[in-house]
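Enquirer: The structure that follows is given in the form of structure tokens.
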Amino acid sequence: MANPKNVIAIIQARMGSSRLPGKVLLGIGGKSMLARVVRRAVRAKTLDAIVVATTTDPRDEEIVTECFRLGVSCFRGSEEDVLDRYQSASIAYPAKGIVRITSDCPLIDPDVIDQVVSTWQDSSFDYVSNGPTWPRGLNVEVFSRTALAQAWEQAHLPWQRSHVTPYLYQNPNLFRIGNVAAPEDYGHLRWTVDTPEDLTLVRSLYEHLGNRDDFGWQEALTVVEQNPNLLEINRGISQKPIEAG
């Protein structure tokens with residue numbers, strides 16, 4: 001078992017996506033989407049470690065292999081009960097704070113991660129997220145290990161188990177909840193990857209930025225502002241409702 005850390009990021013990843021199977025290992029500018037997420041998250045100054053949490057499904061052996069190639073820790077747990085996967089990973093890799101990142105967010109920004117984690121560290125909040133004003137795909141959630149354990153014990157609805165954190169943010173009477181807002185409302189921008197259209201957009205953004213890993217979200221925003229036609233690529237894609245997860 002690892003020594004206790006201050007804050008770890010747990011990146012959930014599996015091959016069995018319903019709308020774009022195998023998406024986490026699809027290529028973006030010569031690297032897998034999972035590699036892009038890991039390489040960007042590792043630059044966050046507030047993280048002590050990163051763990052990829054995948055499933056015991058045989059299909060996810062490919063993710064284990066990719067984690068080995070990337071030199072990042074990998075944990076395997078339940079496919080459907082993602083809350084249990086996080087709880088089990090937090091036992092295997094103890095930390096005071098846990099950052100939840102999903103592997104379909106290849107534009108995740110280390111500076112945004114640091115903003116959210118720092119807000120959690122400098123407060124008495126149990127749970128902090130960056131809410132709906134950021135482009136979808138920059139989503140960061142941080143919560144205490146104690147809050148995670150409480151959610152694991154008390155959350156019983158299927159969608160609470162498959163999405164990890166609803167029990168936390170939907171119970172402000174039980175948990176102290178904080179939010180980090182974007183400088184402006186960019187919630188209309190969709191930079192996550194659930195569909196082929198989403199993947200096309202993200203690949204285009206990476207190509208405009210030289211297929212680098214080190215660009216910030218503001219640089220991606222500038223590309224979109226200078227090339228508004230890019231927004232048409234995935235404009236008609238709706239976010240899958242949380243209850244269906």
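Within each chain, counting starts at residue 1; across the structure tokens, chains are named A, B, ... in the order shown, with ligands numbered 1 upward in that order.
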Find the residues near Gly29 of chain A: any atom within 9 Å, counting only C-alpha atoms, skip ones fewer than 2 places away on the same chain, and give them as a PyMOL selection string.

Expert: chain A and resi 27+31-32+203+206-207+210-212

Enquirer: Report as a list in words all protein, DNA and RNA residues lying within 8 Å of Asn234 of chain A, evaluated on only C-alpha atoms, omitting residues in the same chain fewer than 4 positions from it.

Expert: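 Counting only C-alpha atoms, the residues come to Arg190, Glu197, Asp198 and Leu201 of chain A.
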
Enquirer: Can you work out which one of A:Ala53, A:Ala155, A:Leu205, A:Val193 has the shortest atom-to-atom distance to Trp217 of chain A, counting only C-alpha atoms?

Expert: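 The answer is A:Leu205, which sits nearest to Trp217 of chain A.
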
Enquirer: Just checking: using only C-alpha atoms, which residue out of A:Ser124, A:Ser129, A:Arg161, A:His188 ends up closest to Arg176 of chain A?

Expert: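 Selected residue with least distance to Arg176 of chain A: A:Ser124.
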
Enquirer: Give me the residues near Phe215 of chain A as a tab-separated table (two decimals) with N, CA and C atoms, in the first residue's frame, where near means some atom within 12 Å (using only C-alpha atoms) and where sequence neighbours in that chain fewer than 3 positions away do not count.

Expert:
chain	number	residue	atom	x	y	z
A	36	ARG	N	-2.95	11.91	-23.46
A	36	ARG	CA	-3.11	13.36	-23.41
A	36	ARG	C	-3.60	13.80	-22.03
A	39	ARG	N	-0.71	13.27	-19.43
A	39	ARG	CA	0.41	14.19	-19.64
A	39	ARG	C	0.04	15.62	-19.24
A	40	ARG	N	-1.24	15.97	-19.37
A	40	ARG	CA	-1.66	17.31	-18.96
A	40	ARG	C	-1.86	17.37	-17.44
A	43	ARG	N	1.14	17.85	-14.96
A	43	ARG	CA	1.75	19.17	-14.80
A	43	ARG	C	1.08	19.99	-13.69
A	106	PRO	N	-9.52	15.42	-22.94
A	106	PRO	CA	-8.12	15.60	-23.32
A	106	PRO	C	-7.64	17.04	-23.37
A	107	LEU	N	-8.51	18.00	-23.01
A	107	LEU	CA	-8.07	19.39	-22.88
A	107	LEU	C	-8.03	19.81	-21.40
A	108	ILE	N	-8.11	18.85	-20.50
A	108	ILE	CA	-8.05	19.17	-19.08
A	108	ILE	C	-6.84	20.06	-18.82
A	109	ASP	N	-7.02	21.07	-17.99
A	109	ASP	CA	-5.99	22.09	-17.82
A	109	ASP	C	-5.36	22.00	-16.43
A	110	PRO	N	-4.04	21.85	-16.34
A	110	PRO	CA	-3.40	21.75	-15.03
A	110	PRO	C	-3.60	22.97	-14.15
A	111	ASP	N	-3.67	24.15	-14.77
A	111	ASP	CA	-3.90	25.36	-13.98
A	111	ASP	C	-5.31	25.37	-13.37
A	205	LEU	N	-8.54	21.04	-32.67
A	205	LEU	CA	-7.93	21.99	-31.73
A	205	LEU	C	-6.46	21.64	-31.49
A	206	TYR	N	-6.17	20.37	-31.29
A	206	TYR	CA	-4.78	19.96	-31.10
A	206	TYR	C	-3.94	20.29	-32.34
A	207	GLU	N	-4.51	20.03	-33.53
A	207	GLU	CA	-3.76	20.31	-34.75
A	207	GLU	C	-3.46	21.80	-34.88
A	208	HIS	N	-4.44	22.64	-34.56
A	208	HIS	CA	-4.22	24.09	-34.61
A	208	HIS	C	-3.11	24.51	-33.64
A	209	LEU	N	-2.93	23.75	-32.57
A	209	LEU	CA	-1.95	24.11	-31.55
A	209	LEU	C	-0.70	23.22	-31.61
A	210	GLY	N	-0.43	22.69	-32.80
A	210	GLY	CA	0.81	21.97	-33.04
A	210	GLY	C	0.89	20.61	-32.38
A	211	ASN	N	-0.26	20.04	-31.99
A	211	ASN	CA	-0.31	18.74	-31.32
A	211	ASN	C	0.57	18.70	-30.07
A	212	ARG	N	0.67	19.87	-29.40
A	212	ARG	CA	1.39	19.95	-28.14
A	212	ARG	C	0.48	19.51	-26.99
A	218	GLN	N	-7.00	28.74	-22.37
A	218	GLN	CA	-7.19	30.03	-23.04
A	218	GLN	C	-6.69	29.99	-24.48
A	219	GLU	N	-5.63	29.22	-24.73
A	219	GLU	CA	-5.13	29.09	-26.10
A	219	GLU	C	-6.15	28.36	-26.97
A	220	ALA	N	-6.78	27.32	-26.42
A	220	ALA	CA	-7.82	26.61	-27.16
A	220	ALA	C	-9.00	27.54	-27.42
A	221	LEU	N	-9.31	28.39	-26.43
A	221	LEU	CA	-10.40	29.34	-26.60
A	221	LEU	C	-10.09	30.33	-27.73
A	222	THR	N	-8.86	30.78	-27.81
A	222	THR	CA	-8.47	31.69	-28.89
A	222	THR	C	-8.64	31.04	-30.25
A	223	VAL	N	-8.27	29.76	-30.35
A	223	VAL	CA	-8.45	29.03	-31.61
A	223	VAL	C	-9.92	29.00	-31.99

Enquirer: Which residues are close to Asn171 of chain A, i.e. within 12 Å by only C-alpha atoms, leaving aside same-chain residues fewer than 3 positions away? Reply as a ChimeraX atom specification.

Expert: /A:126-127,147,150-151,154-155,160,165-168,174-177

Enquirer: Would you write out those residues with N, CA and C atoms, as an mmCIF file, in the first residue's frame?

Expert:
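Output contents, as saved in out-v8.cif:
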data_model
loop_
_atom_site.group_PDB
_atom_site.id
_atom_site.type_symbol
_atom_site.label_atom_id
_atom_site.label_comp_id
_atom_site.auth_asym_id
_atom_site.auth_seq_id
_atom_site.Cartn_x
_atom_site.Cartn_y
_atom_site.Cartn_z
ATOM 1 N N ASP A 126 -15.850 20.132 1.936
ATOM 2 C CA ASP A 126 -15.700 18.692 1.724
ATOM 3 C C ASP A 126 -15.567 18.370 0.242
ATOM 4 N N TYR A 127 -16.190 19.214 -0.586
ATOM 5 C CA TYR A 127 -16.264 18.961 -2.027
ATOM 6 C C TYR A 127 -16.199 20.289 -2.762
ATOM 7 N N ALA A 147 -15.291 12.246 2.890
ATOM 8 C CA ALA A 147 -16.544 12.452 2.174
ATOM 9 C C ALA A 147 -16.794 11.325 1.183
ATOM 10 N N GLN A 150 -18.066 8.343 3.015
ATOM 11 C CA GLN A 150 -19.454 8.531 3.436
ATOM 12 C C GLN A 150 -20.411 8.309 2.265
ATOM 13 N N ALA A 151 -20.055 8.847 1.103
ATOM 14 C CA ALA A 151 -20.877 8.637 -0.087
ATOM 15 C C ALA A 151 -20.935 7.154 -0.436
ATOM 16 N N GLN A 154 -23.405 5.481 1.900
ATOM 17 C CA GLN A 154 -24.794 5.937 1.967
ATOM 18 C C GLN A 154 -25.492 6.068 0.612
ATOM 19 N N ALA A 155 -24.760 6.148 -0.488
ATOM 20 C CA ALA A 155 -25.387 6.288 -1.804
ATOM 21 C C ALA A 155 -25.850 4.923 -2.302
ATOM 22 N N GLN A 160 -26.122 7.302 -8.724
ATOM 23 C CA GLN A 160 -25.199 7.840 -7.724
ATOM 24 C C GLN A 160 -23.923 7.006 -7.666
ATOM 25 N N THR A 165 -19.947 11.259 -7.750
ATOM 26 C CA THR A 165 -20.094 12.419 -6.871
ATOM 27 C C THR A 165 -21.494 12.990 -6.679
ATOM 28 N N PRO A 166 -22.551 12.535 -7.364
ATOM 29 C CA PRO A 166 -23.864 13.158 -7.150
ATOM 30 C C PRO A 166 -24.311 13.167 -5.695
ATOM 31 N N TYR A 167 -24.009 12.111 -4.957
ATOM 32 C CA TYR A 167 -24.432 12.077 -3.560
ATOM 33 C C TYR A 167 -23.786 13.214 -2.764
ATOM 34 N N LEU A 168 -22.606 13.632 -3.164
ATOM 35 C CA LEU A 168 -21.928 14.728 -2.468
ATOM 36 C C LEU A 168 -22.588 16.059 -2.789
ATOM 37 N N LEU A 174 -25.353 17.706 4.158
ATOM 38 C CA LEU A 174 -24.392 16.757 4.713
ATOM 39 C C LEU A 174 -22.942 17.152 4.436
ATOM 40 N N PHE A 175 -22.718 17.870 3.358
ATOM 41 C CA PHE A 175 -21.357 18.192 2.943
ATOM 42 C C PHE A 175 -21.216 19.687 2.663
ATOM 43 N N ARG A 176 -20.068 20.228 2.997
ATOM 44 C CA ARG A 176 -19.768 21.630 2.700
ATOM 45 C C ARG A 176 -19.245 21.709 1.271
ATOM 46 N N ILE A 177 -19.928 22.485 0.441
ATOM 47 C CA ILE A 177 -19.703 22.439 -0.998
ATOM 48 C C ILE A 177 -19.208 23.790 -1.507
#

Enquirer: Which is closest to Phe75 of chain A among A:Tyr169, A:Tyr93, A:Phe125, A:Trp152, if we use only C-alpha atoms?

Expert: A:Tyr93
